[in-house]
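Enquirer: Here it is, the structure in full.
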Amino acid sequence: MGWVFLIGIVGVVIFYFLKDRNKMLETTVDNEGGMRQKYRDLIGWLTDDPNAKVTKVTRDHVEVTNKMPTTTTTFFITENFDGVDIEWNAQLGAMGNHKQNWKFPKGTSEENMVIKIGTDLQSYEQKMYG
């Protein structure tokens with residue numbers, strides 16, 4: 001009997017979490033035209049290279065991948081309750097696998113995101129190559 005009660009409580013918590021998440025996505029993403037529209041400038045910067053393509057778009061997520069003959073770089077843009085998370089994963093052949101993450105609070109301009117990501121990746125590259 002205790003298990004049924006516990007499962008019921010977990011079910012209620014999950015229901016309210018999903019309900020809150022849906023409302024958050026409606027107000028922060030859907031009302032702005034979706035992820036592609038909301039992060040248009042950031043996605044434009046990430047796809048500036050001719051090999052970079054938007055490879056996946058969902059209601060709360062955009063994936064941008066740049067494939068070269070021996071390397072693959074992927075950016076994941078994910079909307080969350082308090083802002084946006086951006087993850088960079090790079091498979092750089094002989095240089096190995098690399099990863100960076102950024103959390104930007106709500107209200108951060110795309111321009112500031114681009115500057116921060118660009119600066120951090122430039123610093124990371126300098127550390128890699130010495």
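Every chain in the structure tokens has a letter given in the order shown (A, B, ...), and although residue numbers restart at 1 in each chain, ligands are simply numbered from 1 in the order shown.
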Going by DSSP on the backbone, which residues of segment 18-88 of chain A come out as alpha helix (DSSP H)? List them as a list of chain:residue names.

Expert: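 Restricting segment 18-88 of chain A to alpha helix (DSSP H) produces A:Leu18, A:Lys19, A:Asp20, A:Arg21, A:Asn22, A:Lys23, A:Met24, A:Leu25, A:Glu26, A:Thr27, A:Thr28, A:Met35, A:Arg36, A:Gln37, A:Lys38, A:Arg40, A:Asp41, A:Leu42, A:Ile43, A:Gly44, A:Trp45, A:Leu46.
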
Enquirer: Based on the selection just made, write C-alpha atoms of those residues as a PDB file, in the first residue's frame.

Expert:
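Listed below is the output, again36.pdb:
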ATOM      1  CA  LEU A  18       5.664  18.915 -16.977  1.00  0.00           C
ATOM      2  CA  LYS A  19       2.760  21.356 -16.682  1.00  0.00           C
ATOM      3  CA  ASP A  20       5.114  24.116 -15.462  1.00  0.00           C
ATOM      4  CA  ARG A  21       7.645  23.275 -18.185  1.00  0.00           C
ATOM      5  CA  ASN A  22       4.944  23.460 -20.852  1.00  0.00           C
ATOM      6  CA  LYS A  23       3.832  26.871 -19.568  1.00  0.00           C
ATOM      7  CA  MET A  24       7.445  28.079 -19.474  1.00  0.00           C
ATOM      8  CA  LEU A  25       8.052  26.953 -23.067  1.00  0.00           C
ATOM      9  CA  GLU A  26       4.817  28.572 -24.173  1.00  0.00           C
ATOM     10  CA  THR A  27       5.773  31.942 -22.702  1.00  0.00           C
ATOM     11  CA  THR A  28       9.520  31.938 -23.407  1.00  0.00           C
ATOM     12  CA  MET A  35      13.738  28.146 -30.909  1.00  0.00           C
ATOM     13  CA  ARG A  36      14.977  28.951 -34.421  1.00  0.00           C
ATOM     14  CA  GLN A  37      13.433  32.383 -34.264  1.00  0.00           C
ATOM     15  CA  LYS A  38      14.262  33.131 -30.630  1.00  0.00           C
ATOM     16  CA  ARG A  40      18.192  33.417 -34.774  1.00  0.00           C
ATOM     17  CA  ASP A  41      21.375  35.499 -34.328  1.00  0.00           C
ATOM     18  CA  LEU A  42      23.170  32.868 -32.245  1.00  0.00           C
ATOM     19  CA  ILE A  43      22.255  30.126 -34.715  1.00  0.00           C
ATOM     20  CA  GLY A  44      23.351  32.392 -37.578  1.00  0.00           C
ATOM     21  CA  TRP A  45      26.762  32.808 -35.947  1.00  0.00           C
ATOM     22  CA  LEU A  46      27.079  29.062 -35.298  1.00  0.00           C
TER      23      LEU A  46
END

Enquirer: Mind running segment 46-95 of chain A against segment 101-110 of chain A at 7 Å and telling me each contacting residue's nearest atom pair with the distance in Å (one decimal), counting only C-alpha atoms, chain and number ascending, as CSV?

Expert:
residue,atom,partner,partner_atom,distance
A:Asp82,CA,A:Pro105,CA,5.8
A:Gly83,CA,A:Lys106,CA,4.2
A:Val84,CA,A:Phe104,CA,5.3
A:Asp85,CA,A:Lys103,CA,4.6
A:Ile86,CA,A:Trp102,CA,5.1
A:Glu87,CA,A:Asn101,CA,4.5
A:Trp88,CA,A:Asn101,CA,6.3

Enquirer: Just to confirm, what's the straight-line distance from atom CA of Thr78 of chain A to atom CA of Asp49 of chain A in Å (one decimal)?

Expert: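 Result for atom CA of Thr78 of chain A versus atom CA of Asp49 of chain A: 21.3 Å, one decimal.
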
Enquirer: Any idea what the distance is between atom CA of Phe81 of chain A and atom CA of Glu63 of chain A?

Expert: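 According to the coordinates, atom CA of Phe81 of chain A and atom CA of Glu63 of chain A are separated by 18.8 Å.
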
Enquirer: Quick one: residues within 12 Å of Ala52 of chain A, only C-alpha atoms, excluding same-chain residues fewer than 2 positions away - as number ranges by chain?

Expert: A: 43-50, 54-55, 63-68, 71-75

Enquirer: Taking only chain A into account, list the residues labelled strand (DSSP E or B) by DSSP (computed from the backbone), as a PyMOL selection string.

Expert: chain A and resi 52-57+61-67+72-80+83-91+97-105
